$ cat protein36.pdb   # PDB, C-alpha atoms, pLDDT in the B column
ATOM      1  CA  MET F   1      46.328  89.991  95.190  1.00 61.00           C
ATOM      2  CA  SER F   2      49.138  92.448  94.657  1.00 72.00           C
ATOM      3  CA  LYS F   3      52.727  91.360  95.018  1.00 80.00           C
ATOM      4  CA  LYS F   4      54.436  93.170  97.892  1.00 78.00           C
ATOM      5  CA  LEU F   5      58.149  93.821  97.748  1.00 76.00           C
ATOM      6  CA  PHE F   6      60.474  93.315 100.662  1.00 78.00           C
ATOM      7  CA  PRO F   7      63.405  95.624  99.911  1.00 76.00           C
ATOM      8  CA  THR F   8      66.792  94.235 100.889  1.00 76.00           C
ATOM      9  CA  GLN F   9      70.401  95.153 100.329  1.00 78.00           C
ATOM     10  CA  GLU F  10      73.613  93.226 100.848  1.00 78.00           C
ATOM     11  CA  ILE F  11      76.130  95.079 102.998  1.00 80.00           C
ATOM     12  CA  GLY F  12      79.719  94.297 103.866  1.00 82.00           C
ATOM     13  CA  SER F  13      82.311  92.143 102.184  1.00 88.00           C
ATOM     14  CA  LEU F  14      81.446  89.224  99.952  1.00 88.00           C
ATOM     15  CA  ARG F  15      83.387  86.000 100.241  1.00 88.00           C
ATOM     16  CA  LYS F  16      86.619  85.999  98.258  1.00 88.00           C
ATOM     17  CA  PRO F  17      86.949  83.105  95.782  1.00 87.00           C
ATOM     18  CA  SER F  18      89.428  80.401  96.832  1.00 88.00           C
ATOM     19  CA  SER F  19      91.279  80.925  93.538  1.00 84.00           C
ATOM     20  CA  LEU F  20      91.976  84.527  94.534  1.00 87.00           C
ATOM     21  CA  LEU F  21      93.082  83.615  98.045  1.00 87.00           C
ATOM     22  CA  SER F  22      95.480  80.907  96.872  1.00 88.00           C
ATOM     23  CA  LEU F  23      96.949  83.056  94.086  1.00 87.00           C
ATOM     24  CA  VAL F  24      97.648  86.050  96.303  1.00 81.00           C
ATOM     25  CA  LYS F  25      99.578  83.845  98.747  1.00 84.00           C
ATOM     26  CA  LYS F  26     101.794  82.228  96.080  1.00 88.00           C
ATOM     27  CA  PRO F  27     105.339  83.538  95.851  1.00 90.00           C
ATOM     28  CA  GLY F  28     106.494  84.799  92.480  1.00 92.00           C
ATOM     29  CA  ILE F  29     103.086  85.928  91.221  1.00 91.00           C
ATOM     30  CA  SER F  30     103.315  89.345  89.583  1.00 92.00           C
ATOM     31  CA  ASP F  31     101.352  92.302  90.870  1.00 91.00           C
ATOM     32  CA  GLU F  32      99.724  92.520  87.421  1.00 93.00           C
ATOM     33  CA  GLN F  33      98.404  88.950  87.700  1.00 91.00           C
ATOM     34  CA  LYS F  34      97.143  89.583  91.233  1.00 90.00           C
ATOM     35  CA  THR F  35      95.370  92.741  90.057  1.00 92.00           C
ATOM     36  CA  LYS F  36      93.801  90.897  87.106  1.00 93.00           C
ATOM     37  CA  THR F  37      92.556  88.116  89.385  1.00 91.00           C
ATOM     38  CA  ARG F  38      91.116  90.634  91.862  1.00 92.00           C
ATOM     39  CA  ASN F  39      89.373  92.469  89.009  1.00 93.00           C
ATOM     40  CA  ASP F  40      87.922  89.192  87.692  1.00 93.00           C
ATOM     41  CA  ALA F  41      86.580  88.380  91.170  1.00 93.00           C
ATOM     42  CA  ALA F  42      85.088  91.881  91.414  1.00 93.00           C
ATOM     43  CA  LEU F  43      83.306  91.448  88.060  1.00 94.00           C
ATOM     44  CA  LEU F  44      81.902  88.113  89.214  1.00 92.00           C
ATOM     45  CA  ASN F  45      80.505  89.757  92.351  1.00 92.00           C
ATOM     46  CA  ILE F  46      79.040  92.632  90.353  1.00 93.00           C
ATOM     47  CA  ARG F  47      77.291  90.213  87.974  1.00 94.00           C
ATOM     48  CA  THR F  48      75.975  88.182  90.908  1.00 91.00           C
ATOM     49  CA  LEU F  49      74.475  91.263  92.570  1.00 90.00           C
ATOM     50  CA  GLU F  50      72.977  92.421  89.249  1.00 91.00           C
ATOM     51  CA  GLU F  51      71.398  89.006  88.672  1.00 92.00           C
ATOM     52  CA  ALA F  52      69.949  89.147  92.185  1.00 86.00           C
ATOM     53  CA  GLY F  53      68.208  92.369  91.164  1.00 85.00           C
ATOM     54  CA  LEU F  54      69.883  94.642  93.689  1.00 85.00           C
ATOM     55  CA  ASP F  55      69.885  98.319  92.832  1.00 84.00           C
ATOM     56  CA  ILE F  56      73.117  99.161  94.667  1.00 86.00           C
ATOM     57  CA  ILE F  57      76.021  97.270  93.122  1.00 89.00           C
ATOM     58  CA  TYR F  58      79.612  97.088  94.335  1.00 90.00           C
ATOM     59  CA  ASP F  59      82.628  94.796  93.987  1.00 90.00           C
ATOM     60  CA  GLY F  60      82.255  93.002  97.310  1.00 88.00           C
ATOM     61  CA  GLU F  61      85.517  94.444  98.604  1.00 90.00           C
ATOM     62  CA  VAL F  62      87.577  91.695  96.922  1.00 87.00           C
ATOM     63  CA  ARG F  63      90.236  94.131  95.750  1.00 83.00           C
ATOM     64  CA  THR F  64      91.454  94.827  99.285  1.00 80.00           C
TER      65      THR F  64
END
$ encode --input "protein36.pdb" --output "structure tokens"
Amino acid sequence: MSKKLFPTQEIGSLRKPSSLLSLVKKPGISDEQKTKTRNDAALLNIRTLEEAGLDIIYDGEVRT
């Protein structure tokens, strides 16, 4: 029996990590640190989508 594929694609925003949400709300955090944390969250999302085998990869809109 041949294995049939069921093509899927994630669309829309991915959930933002709680670490990102709490950091962005803290007073006194530099814009550089916020940007670094957003970039780290984006890389995590990209790796997750790659591991899931999706062919269209994006950052999950965590930088906005």
$ resolve_selection --input "protein36.pdb" --expression "the PyMOL selection byres ((chain F and resi 9-20) around 9)" --output "short mmCIF file (atom, residue, chain, number, x, y, z; two decimals) with C-alpha atoms, in the coordinates of the input"
data_model
loop_
_atom_site.label_atom_id
_atom_site.label_comp_id
_atom_site.auth_asym_id
_atom_site.auth_seq_id
_atom_site.Cartn_x
_atom_site.Cartn_y
_atom_site.Cartn_z
CA PRO F 7 63.40 95.62 99.91
CA THR F 8 66.79 94.24 100.89
CA LEU F 21 93.08 83.62 98.04
CA SER F 22 95.48 80.91 96.87
CA LEU F 23 96.95 83.06 94.09
CA VAL F 24 97.65 86.05 96.30
CA LYS F 25 99.58 83.84 98.75
CA LYS F 34 97.14 89.58 91.23
CA THR F 37 92.56 88.12 89.38
CA ARG F 38 91.12 90.63 91.86
CA ALA F 41 86.58 88.38 91.17
CA ASN F 45 80.50 89.76 92.35
CA LEU F 49 74.47 91.26 92.57
CA LEU F 54 69.88 94.64 93.69
CA ASP F 55 69.89 98.32 92.83
CA ILE F 56 73.12 99.16 94.67
CA ASP F 59 82.63 94.80 93.99
CA GLY F 60 82.26 93.00 97.31
CA GLU F 61 85.52 94.44 98.60
CA VAL F 62 87.58 91.70 96.92
#
$ atom_distance --input "protein36.pdb" --atom1 "atom CA of Lys36 of chain F" --atom2 "atom CA of Glu50 of chain F"
21.0 Å
$ axis_aligned_box --input "protein36.pdb" --around "segment 22-27 of chain F" --padding-each-side "4 Å" --output "AutoDock Vina command-line options"
--center_x 100.4 --center_y 83.5 --center_z 96.4 --size_x 17.9 --size_y 13.1 --size_z 12.7
$ closest_residue --input "protein36.pdb" --among "F:Ser2, F:Ala52, F:Lys26, F:Arg63" --to "Asn39 of chain F" --atoms "only C-alpha atoms"
F:Arg63
$ atom_distance --input "protein36.pdb" --atom1 "atom CA of Ile57 of chain F" --atom2 "atom CA of Lys3 of chain F"
24.1 Å
$ atom_distance --input "protein36.pdb" --atom1 "atom CA of Leu43 of chain F" --atom2 "atom CA of Tyr58 of chain F"
9.2 Å
